[in-house]
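> Provided herewith: final_2.tsv, TSV, C-alpha atoms.
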```
chain	number	residue	atom	x	y	z
P	296	MET	CA	103.88	121.40	97.65
P	297	THR	CA	102.17	123.60	100.22
P	298	PRO	CA	99.22	122.45	102.39
P	299	ASP	CA	96.93	124.58	100.21
P	300	GLN	CA	98.18	122.82	97.07
P	301	LEU	CA	97.67	119.42	98.70
P	302	HIS	CA	94.15	120.46	99.67
P	303	ALA	CA	93.53	121.59	96.08
P	304	ALA	CA	94.71	118.19	94.80
P	305	ILE	CA	92.29	116.40	97.15
P	306	GLN	CA	89.52	118.73	96.00
P	307	ALA	CA	90.29	117.95	92.36
P	308	TYR	CA	90.15	114.24	93.15
P	309	ARG	CA	86.81	114.69	94.90
P	310	GLN	CA	85.50	116.25	91.69
P	311	GLY	CA	86.51	113.21	89.66
P	312	ARG	CA	89.67	114.58	88.10
P	313	PHE	CA	93.02	112.86	87.57
P	314	VAL	CA	95.85	113.16	90.09
P	315	ILE	CA	99.33	111.83	89.28
P	316	VAL	CA	101.27	110.22	92.14
P	317	TYR	CA	104.97	109.29	92.42
P	318	ASP	CA	105.48	106.57	95.03
P	319	ALA	CA	109.01	107.07	96.43
P	320	ASP	CA	112.72	106.91	95.72
P	321	GLY	CA	113.97	103.38	96.29
P	322	ARG	CA	110.59	101.77	95.68
P	323	GLU	CA	109.00	101.33	92.23
P	324	GLU	CA	110.03	104.92	91.42
P	325	GLU	CA	107.02	105.23	89.11
P	326	CYS	CA	104.36	107.85	88.51
P	327	ASP	CA	100.77	106.60	88.20
P	328	PHE	CA	97.54	108.16	87.06
P	329	PHE	CA	94.94	108.04	89.86
P	330	LEU	CA	91.22	108.55	89.24
P	331	PRO	CA	88.19	107.80	91.46
P	332	ALA	CA	86.79	104.62	89.92
P	333	GLU	CA	83.17	105.76	90.06
P	334	PHE	CA	83.96	108.70	87.72
P	335	CYS	CA	85.77	106.68	85.06
P	336	SER	CA	84.73	107.25	81.42
P	337	PRO	CA	85.98	105.86	78.09
P	338	ASP	CA	87.92	109.12	77.61
P	339	HIS	CA	89.74	108.53	80.91
P	340	ILE	CA	90.66	105.00	79.84
P	341	ARG	CA	91.92	106.30	76.50
P	342	GLN	CA	94.08	108.97	78.16
P	343	MET	CA	95.63	106.43	80.52
P	344	ARG	CA	96.16	103.98	77.66
P	345	MET	CA	97.72	106.57	75.33
P	346	ASP	CA	99.60	108.80	77.78
P	347	GLY	CA	100.31	106.23	80.49
P	348	GLY	CA	100.80	102.97	78.68
P	349	GLY	CA	101.06	100.78	81.77
P	350	LEU	CA	98.54	98.39	83.28
P	351	ILE	CA	95.08	99.85	83.92
P	352	PHE	CA	93.99	98.40	87.25
P	353	LEU	CA	91.67	98.91	90.22
P	354	MET	CA	93.00	99.76	93.69
P	355	VAL	CA	90.64	98.66	96.46
P	356	ARG	CA	90.40	99.64	100.12
P	357	PRO	CA	90.52	96.72	102.60
P	358	ASP	CA	86.96	97.14	103.94
P	359	ILE	CA	85.63	96.73	100.39
P	360	ARG	CA	87.81	93.63	100.04
P	361	ASP	CA	86.34	92.21	103.24
P	362	LYS	CA	82.75	92.66	102.09
P	363	LEU	CA	83.42	91.16	98.64
P	364	GLY	CA	85.68	88.37	99.90
P	365	LEU	CA	88.53	89.30	97.57
P	366	PRO	CA	91.68	87.20	98.10
P	367	PHE	CA	95.34	88.00	97.57
P	368	LEU	CA	96.37	85.73	94.70
P	369	GLN	CA	99.71	85.19	96.42
P	370	GLU	CA	97.81	83.48	99.24
P	371	VAL	CA	95.47	81.51	96.96
P	372	PHE	CA	97.98	79.95	94.57
P	373	PRO	CA	99.72	77.69	97.15
P	374	GLN	CA	96.39	75.96	97.82
P	375	PHE	CA	96.40	74.56	94.29
P	376	ARG	CA	100.05	73.55	94.01
P	377	LYS	CA	99.30	69.85	94.64
P	378	ASP	CA	97.19	69.65	91.48
P	379	TYR	CA	99.09	72.37	89.61
P	380	PRO	CA	102.81	72.33	90.51
P	381	VAL	CA	103.31	75.45	88.39
P	382	PHE	CA	102.01	77.52	91.32
P	383	SER	CA	104.97	76.37	93.42
P	384	ALA	CA	107.40	77.17	90.63
P	385	LEU	CA	106.00	80.69	90.23
P	386	ILE	CA	105.83	81.65	93.91
P	387	SER	CA	106.08	85.44	94.30
P	388	ASP	CA	108.82	85.69	96.93
P	389	ASP	CA	111.40	87.89	95.21
P	390	ILE	CA	109.66	91.19	94.45
P	391	PRO	CA	112.57	93.68	94.47
P	392	TYR	CA	110.59	96.65	95.82
P	393	ASP	CA	108.19	95.06	98.31
P	394	THR	CA	107.44	92.08	100.55
P	395	ARG	CA	104.35	90.80	98.74
P	396	SER	CA	102.07	91.34	95.74
P	397	SER	CA	98.79	93.23	96.17
P	398	PHE	CA	97.14	91.56	93.15
P	399	SER	CA	93.74	89.89	93.50
P	400	LEU	CA	91.24	88.81	90.85
P	401	ALA	CA	90.83	90.27	87.37
P	402	ILE	CA	87.25	91.12	86.40
P	403	ASN	CA	84.95	92.24	83.58
P	404	HIS	CA	81.47	93.68	83.95
P	405	ARG	CA	78.90	91.21	82.65
P	406	ASP	CA	77.59	93.77	80.13
P	407	THR	CA	80.98	94.01	78.38
P	408	PHE	CA	81.81	92.20	75.13
P	409	THR	CA	85.56	91.52	74.96
P	410	GLY	CA	86.23	93.59	78.08
P	411	ILE	CA	89.28	95.32	76.58
P	412	THR	CA	87.84	98.27	74.65
P	413	ASP	CA	87.89	101.72	76.25
P	414	ARG	CA	84.14	101.53	76.64
P	415	ASP	CA	84.20	98.06	78.17
P	416	ARG	CA	87.00	98.85	80.60
P	417	ALA	CA	85.36	102.13	81.63
P	418	LEU	CA	82.13	100.25	82.34
P	419	THR	CA	83.92	97.66	84.48
P	420	VAL	CA	85.83	100.30	86.43
P	421	SER	CA	82.97	102.77	86.98
P	422	GLU	CA	80.42	100.12	87.93
P	423	PHE	CA	82.83	98.55	90.39
P	424	GLY	CA	83.38	102.01	91.90
P	425	LYS	CA	79.63	102.59	92.17
P	426	LEU	CA	79.14	99.18	93.78
P	427	SER	CA	81.88	100.02	96.28
P	428	LEU	CA	79.94	103.11	97.37
P	429	LYS	CA	77.03	100.85	98.39
P	430	VAL	CA	79.01	97.95	99.86
P	431	PRO	CA	79.63	99.47	103.34
P	432	GLY	CA	75.86	99.40	104.00
P	433	MET	CA	75.41	95.81	102.83
P	434	THR	CA	75.91	92.47	104.52
P	435	GLU	CA	78.71	90.29	103.20
P	436	ALA	CA	76.17	87.93	101.61
P	437	GLU	CA	74.38	90.80	99.88
P	438	SER	CA	77.68	92.33	98.71
P	439	LEU	CA	78.87	89.02	97.29
P	440	SER	CA	75.53	88.42	95.55
P	441	ARG	CA	75.57	91.87	93.94
P	442	PHE	CA	79.21	91.45	92.94
P	443	GLY	CA	78.53	88.13	91.23
P	444	GLU	CA	75.40	89.50	89.58
P	445	HIS	CA	77.29	92.27	87.77
P	446	PHE	CA	80.86	90.98	87.32
P	447	ARG	CA	82.69	87.88	86.11
P	448	SER	CA	86.27	86.61	86.33
P	449	PRO	CA	88.73	86.23	84.71
P	450	GLY	CA	88.61	89.61	83.05
P	451	HIS	CA	90.66	92.51	81.77
P	452	ILE	CA	90.76	94.77	84.85
P	453	SER	CA	93.04	93.53	87.60
P	454	ILE	CA	92.22	94.34	91.20
P	455	CYS	CA	94.95	95.31	93.65
P	456	ILE	CA	94.06	95.24	97.36
P	457	GLY	CA	95.27	97.74	99.92
P	458	SER	CA	96.82	96.42	103.12
P	459	ASP	CA	94.76	96.31	106.32
P	460	HIS	CA	96.72	99.09	107.97
P	461	ILE	CA	96.86	101.65	105.18
P	462	LEU	CA	100.26	103.31	104.87
P	463	GLU	CA	101.59	101.61	107.99
P	464	ASN	CA	103.16	98.37	106.74
P	465	ARG	CA	102.95	98.87	102.97
P	466	PHE	CA	103.45	102.06	101.01
P	467	GLY	CA	102.57	101.29	97.42
P	468	HIS	CA	100.38	103.12	94.94
P	469	THR	CA	97.45	100.97	96.07
P	470	GLU	CA	97.67	102.21	99.66
P	471	LEU	CA	98.34	105.77	98.53
P	472	SER	CA	95.20	105.72	96.37
P	473	CYS	CA	93.09	104.22	99.18
P	474	ALA	CA	94.18	107.03	101.50
P	475	LEU	CA	93.59	109.73	98.87
P	476	SER	CA	90.12	108.44	97.98
P	477	THR	CA	89.14	108.08	101.63
P	478	MET	CA	90.34	111.57	102.59
P	479	ALA	CA	88.35	112.91	99.62
P	480	GLY	CA	85.19	111.22	100.95
P	481	LEU	CA	84.87	108.87	97.98
P	482	SER	CA	84.43	105.12	97.54
P	483	GLY	CA	87.93	104.05	98.56
P	484	VAL	CA	88.39	102.55	95.11
P	485	SER	CA	90.51	104.13	92.37
P	486	VAL	CA	91.67	103.20	88.90
P	487	GLY	CA	95.36	103.60	88.17
P	488	CYS	CA	97.87	103.29	85.36
P	489	GLU	CA	101.66	103.56	85.35
P	490	ILE	CA	103.17	106.24	83.12
P	491	MET	CA	105.77	104.76	80.80
P	492	GLY	CA	108.53	106.60	78.94
P	493	ASP	CA	109.88	106.34	75.42
P	494	GLY	CA	112.97	104.32	76.40
P	495	GLY	CA	111.12	101.25	77.61
P	496	LEU	CA	111.21	102.26	81.28
P	497	ALA	CA	109.02	104.35	83.55
P	498	MET	CA	108.86	107.98	82.52
P	499	PRO	CA	111.24	110.04	84.72
P	500	ARG	CA	109.55	111.99	87.50
P	501	GLU	CA	110.59	115.42	86.21
P	502	LYS	CA	109.21	114.67	82.76
P	503	VAL	CA	105.94	113.48	84.28
P	504	LYS	CA	105.76	116.74	86.25
P	505	GLU	CA	106.02	118.64	82.96
P	506	TYR	CA	103.18	116.53	81.54
P	507	ALA	CA	101.07	117.16	84.64
P	508	ALA	CA	101.63	120.91	84.47
P	509	GLU	CA	100.81	120.99	80.75
P	510	HIS	CA	97.54	119.10	81.32
P	511	LYS	CA	96.73	120.91	84.59
P	512	ILE	CA	96.78	117.66	86.58
P	513	PRO	CA	97.80	117.87	90.27
P	514	PHE	CA	101.09	116.03	90.95
P	515	LEU	CA	101.72	114.47	94.36
P	516	GLU	CA	104.59	112.53	95.90
P	517	GLY	CA	103.89	109.57	98.15
P	518	HIS	CA	105.30	111.16	101.29
P	519	GLN	CA	102.83	114.06	100.93
P	520	ILE	CA	99.87	111.68	100.99
P	521	ILE	CA	101.45	109.73	103.85
P	522	GLY	CA	101.88	112.90	105.91
P	523	ALA	CA	98.29	114.00	105.27
P	524	TRP	CA	96.96	110.52	106.07
P	525	ARG	CA	98.79	110.38	109.39
P	526	GLU	CA	97.18	113.68	110.42
P	527	TRP	CA	93.72	112.81	109.06
P	528	ASP	CA	91.28	111.63	111.73
P	529	GLY	CA	88.19	110.78	109.69
P	530	GLU	CA	85.48	108.32	110.63
P	531	TRP	CA	86.77	105.50	108.41
P	532	LYS	CA	90.15	105.39	110.13
P	533	ARG	CA	88.52	105.36	113.56
P	534	SER	CA	85.93	102.70	112.80
P	535	TYR	CA	87.53	100.17	110.44
P	536	VAL	CA	88.61	96.95	112.11
P	537	PRO	CA	90.30	94.44	109.75
P	538	GLU	CA	88.71	91.03	109.51
P	539	PRO	CA	90.97	87.99	110.02
P	540	HIS	CA	91.70	86.63	106.56
P	541	GLY	CA	95.32	85.54	106.50
P	542	GLU	CA	96.94	88.69	105.18
P	543	ILE	CA	100.70	88.49	105.53
P	544	GLU	CA	101.69	90.32	108.70
P	545	LEU	CA	105.16	91.80	108.70
P	546	ARG	CA	107.53	91.61	111.61
P	547	PRO	CA	109.01	94.95	112.75
P	548	HIS	CA	112.30	94.01	111.06
P	549	ASP	CA	110.49	93.31	107.77
P	550	ILE	CA	108.65	96.60	107.95
P	551	LEU	CA	111.81	98.56	108.56
P	552	THR	CA	113.94	96.88	105.95
P	553	SER	CA	111.29	97.30	103.26
P	554	THR	CA	110.83	100.98	103.96
P	555	VAL	CA	111.94	103.96	101.90
P	556	PRO	CA	112.76	107.59	102.72
P	557	GLY	CA	109.78	109.30	104.30
P	558	ILE	CA	108.37	106.08	105.78
P	559	ILE	CA	110.03	105.37	109.14
P	560	PRO	CA	108.14	103.41	111.86
P	561	GLY	CA	108.11	104.44	115.49
P	562	LYS	CA	111.05	103.91	117.79
P	563	ARG	CA	111.63	100.78	119.81
P	564	GLY	CA	114.19	102.24	122.19
P	565	LYS	CA	117.34	104.35	121.83
P	566	ARG	CA	117.77	104.72	118.08
P	567	VAL	CA	121.20	104.80	116.45
P	568	MET	CA	121.66	105.93	112.87
P	569	ALA	CA	124.67	105.11	110.71
P	570	SER	CA	125.28	105.80	107.04
P	571	GLY	CA	127.65	104.86	104.26
P	572	VAL	CA	128.09	103.48	100.77
P	573	PHE	CA	128.71	99.84	101.77
P	574	ASP	CA	130.08	98.86	98.38
P	575	LEU	CA	131.95	95.52	98.37
P	576	MET	CA	131.22	94.61	101.99
P	577	HIS	CA	134.36	93.91	104.03
P	578	PRO	CA	135.39	93.46	107.70
P	579	GLY	CA	135.63	97.23	108.20
P	580	HIS	CA	131.94	97.56	107.40
P	581	LEU	CA	131.01	94.77	109.80
P	582	HIS	CA	133.08	96.34	112.57
P	583	PHE	CA	131.42	99.73	111.99
P	584	LEU	CA	127.88	98.32	112.06
P	585	ARG	CA	128.51	96.14	115.10
P	586	LYS	CA	130.02	99.02	117.08
P	587	ALA	CA	127.21	101.34	116.01
P	588	ARG	CA	124.56	98.84	117.15
P	589	GLU	CA	126.21	98.58	120.57
P	590	LEU	CA	125.48	102.28	121.14
P	591	GLY	CA	121.71	101.81	121.43
P	592	ASP	CA	118.66	99.56	121.19
P	593	GLU	CA	118.16	99.65	117.42
P	594	LEU	CA	120.26	100.57	114.41
P	595	ILE	CA	118.90	102.28	111.31
P	596	VAL	CA	121.40	102.39	108.43
P	597	VAL	CA	121.15	104.89	105.58
P	598	VAL	CA	122.67	103.60	102.35
P	599	ALA	CA	123.94	106.24	99.92
P	600	ARG	CA	122.24	106.55	96.52
P	601	ASP	CA	124.22	105.71	93.38
P	602	GLN	CA	124.10	109.31	92.19
P	603	THR	CA	125.39	110.57	95.54
P	604	VAL	CA	128.32	108.14	95.44
P	605	GLN	CA	129.24	109.18	91.90
P	606	GLY	CA	129.34	112.79	93.01
P	607	LEU	CA	131.61	112.03	95.96
P	608	LYS	CA	134.18	109.52	94.78
P	609	ARG	CA	133.42	106.95	92.09
P	610	HIS	CA	130.78	104.83	90.42
P	611	PRO	CA	129.69	102.12	92.87
P	612	ILE	CA	130.41	98.51	91.95
P	613	VAL	CA	127.10	97.32	93.42
P	614	ASN	CA	123.85	99.23	92.74
P	615	GLU	CA	121.98	101.02	95.52
P	616	LYS	CA	119.13	98.53	95.91
P	617	ALA	CA	121.50	95.57	96.19
P	618	ARG	CA	123.69	97.48	98.67
P	619	ARG	CA	120.64	98.26	100.81
P	620	GLU	CA	119.59	94.61	100.77
P	621	MET	CA	123.08	93.46	101.83
P	622	VAL	CA	123.14	95.91	104.72
P	623	ALA	CA	119.61	94.92	105.78
P	624	ALA	CA	120.76	91.29	105.99
P	625	MET	CA	123.41	92.12	108.62
P	626	ARG	CA	122.42	90.77	112.05
P	627	TRP	CA	123.28	94.06	113.78
P	628	VAL	CA	121.01	96.09	111.49
P	629	ASP	CA	117.36	96.65	112.42
P	630	ALA	CA	116.59	98.76	109.36
P	631	ALA	CA	118.22	99.72	106.07
P	632	VAL	CA	116.89	102.59	103.97
P	633	LEU	CA	118.09	104.56	100.97
P	634	GLY	CA	119.08	108.15	101.58
P	635	TYR	CA	118.19	111.20	99.53
P	636	GLU	CA	120.24	112.41	96.60
P	637	THR	CA	120.32	116.07	97.67
P	638	ASP	CA	119.25	117.10	101.19
P	639	GLN	CA	121.47	115.01	103.46
P	640	HIS	CA	119.69	116.09	106.65
P	641	ARG	CA	116.17	115.25	105.45
P	642	ILE	CA	116.55	111.56	106.22
P	643	VAL	CA	117.87	112.44	109.71
P	644	HIS	CA	114.68	114.39	110.44
P	645	GLU	CA	112.62	111.40	109.31
P	646	ILE	CA	114.57	108.77	111.25
P	647	GLN	CA	114.79	110.92	114.42
P	648	PRO	CA	117.87	109.17	115.87
P	649	ASP	CA	119.13	109.65	119.39
P	650	ILE	CA	122.70	108.89	118.29
P	651	ILE	CA	124.49	109.18	114.96
P	652	ALA	CA	127.48	106.88	114.54
P	653	LEU	CA	130.23	108.08	112.20
P	654	GLY	CA	132.96	105.90	110.77
P	655	TYR	CA	136.56	106.71	111.56
P	656	ASP	CA	137.04	108.39	108.15
P	657	GLN	CA	133.61	109.97	107.65
P	658	THR	CA	133.05	113.70	107.58
P	659	PRO	CA	132.09	116.09	109.11
P	660	GLU	CA	133.56	116.30	112.58
P	661	THR	CA	131.27	115.05	115.35
P	662	LYS	CA	130.82	118.47	117.02
P	663	GLU	CA	130.25	120.18	113.70
P	664	LEU	CA	127.48	117.75	112.72
P	665	ALA	CA	125.89	117.86	116.18
P	666	ASP	CA	125.83	121.67	116.10
P	667	GLU	CA	124.24	121.67	112.63
P	668	LEU	CA	121.50	119.29	113.72
P	669	TRP	CA	120.88	121.08	117.02
P	670	ALA	CA	120.38	124.29	115.02
P	671	GLU	CA	117.66	122.43	113.10
P	672	GLY	CA	115.94	121.32	116.29
P	673	LEU	CA	117.44	117.81	116.43
P	674	LYS	CA	119.12	117.01	119.72
P	675	VAL	CA	121.36	114.21	118.52
P	676	GLU	CA	124.55	112.84	120.03
P	677	VAL	CA	127.24	112.18	117.41
P	678	VAL	CA	129.76	109.43	118.16
P	679	ARG	CA	132.88	108.44	116.21
P	680	VAL	CA	133.41	104.67	115.87
P	681	ASP	CA	137.00	103.54	116.10
P	682	LYS	CA	139.01	102.12	113.21
P	683	LEU	CA	139.38	98.40	112.61
P	684	GLU	CA	143.02	97.47	112.71
P	685	GLY	CA	144.01	94.95	110.09
P	686	ASP	CA	144.98	94.34	106.48
P	687	ILE	CA	141.86	95.34	104.53
P	688	HIS	CA	139.39	97.71	106.18
P	689	ALA	CA	138.39	100.13	103.44
P	690	THR	CA	136.77	99.69	100.02
P	691	SER	CA	139.46	101.79	98.32
P	692	ARG	CA	142.19	99.53	99.69
P	693	LEU	CA	140.20	96.48	98.68
P	694	LEU	CA	139.87	97.78	95.11
P	695	ASP	CA	143.59	98.59	95.02
P	696	ARG	CA	144.35	95.05	96.19
P	697	ILE	CA	142.09	93.55	93.49
P	698	LYS	CA	143.75	95.68	90.78
P	699	LYS	CA	147.19	94.70	92.03
P	700	GLU	CA	146.32	91.00	91.98
P	701	ALA	CA	144.84	91.37	88.50
P	702	ASP	CA	148.01	93.04	87.21
P	703	ASN	CA	150.11	90.20	88.58
```
Take the structure I supplied and represent it as structure tokens, if you would.

Amino acid sequence: MTPDQLHAAIQAYRQGRFVIVYDADGREEECDFFLPAEFCSPDHIRQMRMDGGGLIFLMVRPDIRDKLGLPFLQEVFPQFRKDYPVFSALISDDIPYDTRSSFSLAINHRDTFTGITDRDRALTVSEFGKLSLKVPGMTEAESLSRFGEHFRSPGHISICIGSDHILENRFGHTELSCALSTMAGLSGVSVGCEIMGDGGLAMPREKVKEYAAEHKIPFLEGHQIIGAWREWDGEWKRSYVPEPHGEIELRPHDILTSTVPGIIPGKRGKRVMASGVFDLMHPGHLHFLRKARELGDELIVVVARDQTVQGLKRHPIVNEKARREMVAAMRWVDAAVLGYETDQHRIVHEIQPDIIALGYDQTPETKELADELWAEGLKVEVVRVDKLEGDIHATSRLLDRIKKEADN
């Protein structure tokens, strides 16, 4: 998408039209409807319900959260575990695509009946959006009073809260919507809905693109919003100061290891990049990562996607997300991210390494790769890590050994 197309998408959003957003490879890998909450109508709810099929929910900017006193449920539940042990049993500490849940309260407008009809849900969403437009000029007491006057909980519209530092330490649909709404000069609150497919899973991105084109809905990818947000220098970004409220703060290692392509934090010294499949971890892998880390101050490891591995040699034994998590757990690794399925150099441009470490059997040759990257404006040193001498140092040999033992 060109800058003009991105601008057109923001303009469409400003006018109260749908935009569809894909988060990122290696994250939820879902496409969501986005709509400014204040424009929501029963027809919008029906379209999301019929053509999306996922949860219809509100996505709220952190300054609105501060004024309304909205909590993260993940932080509230532990306070009740003494009286209700179920909250300890259900602790949300194993989300496969993120470090925490963004869910807060679920609400209904007080003028709704059941709260679930298209009309009721549209009323809840649009009135919350309109309230959010007024909240920045209110005191916290006034905001809370107005909120309680018009809404009740529990309800049928869940609220998800954006992180304090939008698109810096969390990169979900909630943060993407907060950035899009803010850049469009709107309330900072959007309504969203995941787009489901016929097979019981999220609708594939390419199929969603066809739907978007057919219905003349702008389609954006997360990294496009992230790029625009990083360049945007509007008043909100300059003036908002998060209030202390106990939001989970991530350590640099947590931020890096939860990231996805297109979302790479700033350097903390000489950066080394290494890549590989890392299927069935063995001593050769550990040797490679340790030696690579010794070359600099931090090591970012790119883990090959399942589809890439299938195209090169075989179907991986362990899936890509599990392989990334295993690599991230290595003490020499400061970051583990998934690569791209097609453009192999794209992730290099995003990581911006000073050194690329190649394994003893990885292609291409060091000079060849360095020349390619220099031609693309990347002045990167490419270093070949030596081979581990020993019995088993390669996945192929390990698999052969397992097959041999099985045959015996």
> Hey, what's within 8 Å of P:Ile461 if we count all atoms listed in the file and toss same-chain stuff fewer than 5 positions away? As a ChimeraX atom specification, please?
/P:466,470-471,473-474
> So how many Å separate atom CA of P:Asp327 and atom CA of P:Ala617, to one decimal?
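These two atoms are separated by 24.8 Å.
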> Pull the closest atom pair for each residue of stretch 473-514 of chain P that gets at most 10 Å from stretch 525-534 of chain P, along with the distance in Å to one decimal, counting only C-alpha atoms, ordering rows by chain and then ascending residue number, as a Markdown table.

```
| residue | atom | partner | partner_atom | distance |
| --- | --- | --- | --- | --- |
| P:Ala474 | CA | P:Trp527 | CA | 9.5 |
| P:Thr477 | CA | P:Trp531 | CA | 7.6 |
| P:Met478 | CA | P:Trp527 | CA | 7.4 |
| P:Gly480 | CA | P:Gly529 | CA | 9.3 |
```
> Would you kindly return, as a PyMOL selection string, each protein, DNA or RNA residue with an atom no farther than 12 Å from any atom of stretch 575-587 of chain P, considering only C-alpha atoms and excluding same-chain residues fewer than 5 positions away?
chain P and resi 565-570+592-597+611-615+617-631+650-657+677-694+697
> Using Å and a single decimal, report how far atom CA of P:Arg405 sits from atom CA of P:Arg441.
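Going from atom CA of P:Arg441 over to atom CA of P:Arg405 covers 11.8 Å.
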> Please indicate the distance in Å from atom CA of P:Glu636 to atom CA of P:Gly522, rounded to one decimal place.
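Distance between the two atoms: 20.6 Å.
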> What's the 10 Å shell around P:Gly467, counting all atoms listed in the file, without same-chain residues fewer than 4 positions away, as a list of chain:residue names?
P:Tyr317, P:Asp318, P:Ala319, P:Arg322, P:Glu323, P:Tyr392, P:Asp393, P:Ser397, P:Gly457, P:Ser458, P:Ile461, P:Leu462, P:Leu471, P:Ser472, P:Gly517
> Neighbouring residues of stretch 412-418 of chain P were defined as those with any atom within 12 Å, considering all atoms listed in the file; residues of the same chain fewer than 5 positions away were excluded. Please report them as a PyMOL selection string.
chain P and resi 330-345+350-353+401-407+423-426+445-446+450-453+486
> Could you check which of P:His510, P:Lys662, P:Lys562, P:Arg641 is closest to P:Arg312, using only C-alpha atoms?
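Closest residue, counting only C-alpha atoms: P:His510.
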> What's around P:Glu663 at 12 Å? Count only C-alpha atoms, leave out sequence neighbours fewer than 3 positions away in its own chain, and write the answer as a short mmCIF file (atom, residue, chain, number, x, y, z; two decimals) with C-alpha atoms, keeping the file's coordinate frame.

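Below is the file that was written, result_19.cif:
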```
data_model
loop_
_atom_site.label_atom_id
_atom_site.label_comp_id
_atom_site.auth_asym_id
_atom_site.auth_seq_id
_atom_site.Cartn_x
_atom_site.Cartn_y
_atom_site.Cartn_z
CA THR P 658 133.05 113.70 107.58
CA PRO P 659 132.09 116.09 109.11
CA GLU P 660 133.56 116.30 112.58
CA ASP P 666 125.83 121.67 116.10
CA GLU P 667 124.24 121.67 112.63
CA LEU P 668 121.50 119.29 113.72
CA TRP P 669 120.88 121.08 117.02
CA ALA P 670 120.38 124.29 115.02
CA VAL P 675 121.36 114.21 118.52
CA GLU P 676 124.55 112.84 120.03
CA VAL P 677 127.24 112.18 117.41
CA VAL P 678 129.76 109.43 118.16
#
```
> Would you mind writing stretch 490-502 of chain P with N, CA and C atoms, as a PDB file, keeping the file's coordinate frame?

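Final output, saved to part.pdb:
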```pdb
ATOM      1  N   ILE P 490     102.794 105.392  84.251  1.00  0.00           N
ATOM      2  CA  ILE P 490     103.170 106.240  83.120  1.00  0.00           C
ATOM      3  C   ILE P 490     104.537 105.800  82.607  1.00  0.00           C
ATOM      4  N   MET P 491     104.551 105.275  81.405  1.00  0.00           N
ATOM      5  CA  MET P 491     105.770 104.760  80.800  1.00  0.00           C
ATOM      6  C   MET P 491     106.446 105.809  79.930  1.00  0.00           C
ATOM      7  N   GLY P 492     107.762 105.670  79.762  1.00  0.00           N
ATOM      8  CA  GLY P 492     108.530 106.600  78.940  1.00  0.00           C
ATOM      9  C   GLY P 492     108.842 106.011  77.571  1.00  0.00           C
ATOM     10  N   ASP P 493     109.569 106.769  76.785  1.00  0.00           N
ATOM     11  CA  ASP P 493     109.880 106.340  75.420  1.00  0.00           C
ATOM     12  C   ASP P 493     111.008 105.305  75.369  1.00  0.00           C
ATOM     13  N   GLY P 494     111.807 105.214  76.418  1.00  0.00           N
ATOM     14  CA  GLY P 494     112.970 104.320  76.400  1.00  0.00           C
ATOM     15  C   GLY P 494     112.696 102.930  76.922  1.00  0.00           C
ATOM     16  N   GLY P 495     111.433 102.580  77.116  1.00  0.00           N
ATOM     17  CA  GLY P 495     111.120 101.250  77.610  1.00  0.00           C
ATOM     18  C   GLY P 495     111.053 101.145  79.110  1.00  0.00           C
ATOM     19  N   LEU P 496     111.281 102.244  79.819  1.00  0.00           N
ATOM     20  CA  LEU P 496     111.210 102.260  81.280  1.00  0.00           C
ATOM     21  C   LEU P 496     110.146 103.253  81.724  1.00  0.00           C
ATOM     22  N   ALA P 497     109.960 103.360  83.032  1.00  0.00           N
ATOM     23  CA  ALA P 497     109.020 104.350  83.550  1.00  0.00           C
ATOM     24  C   ALA P 497     109.479 105.750  83.163  1.00  0.00           C
ATOM     25  N   MET P 498     108.525 106.609  82.857  1.00  0.00           N
ATOM     26  CA  MET P 498     108.860 107.980  82.520  1.00  0.00           C
ATOM     27  C   MET P 498     109.475 108.667  83.737  1.00  0.00           C
ATOM     28  N   PRO P 499     110.609 109.370  83.583  1.00  0.00           N
ATOM     29  CA  PRO P 499     111.240 110.040  84.720  1.00  0.00           C
ATOM     30  C   PRO P 499     110.288 111.024  85.397  1.00  0.00           C
ATOM     31  N   ARG P 500     110.442 111.148  86.703  1.00  0.00           N
ATOM     32  CA  ARG P 500     109.550 111.990  87.500  1.00  0.00           C
ATOM     33  C   ARG P 500     109.471 113.419  86.981  1.00  0.00           C
ATOM     34  N   GLU P 501     110.606 114.025  86.653  1.00  0.00           N
ATOM     35  CA  GLU P 501     110.590 115.420  86.210  1.00  0.00           C
ATOM     36  C   GLU P 501     109.833 115.579  84.903  1.00  0.00           C
ATOM     37  N   LYS P 502     109.936 114.595  84.029  1.00  0.00           N
ATOM     38  CA  LYS P 502     109.210 114.670  82.760  1.00  0.00           C
ATOM     39  C   LYS P 502     107.715 114.506  82.994  1.00  0.00           C
TER      40      LYS P 502
END
```
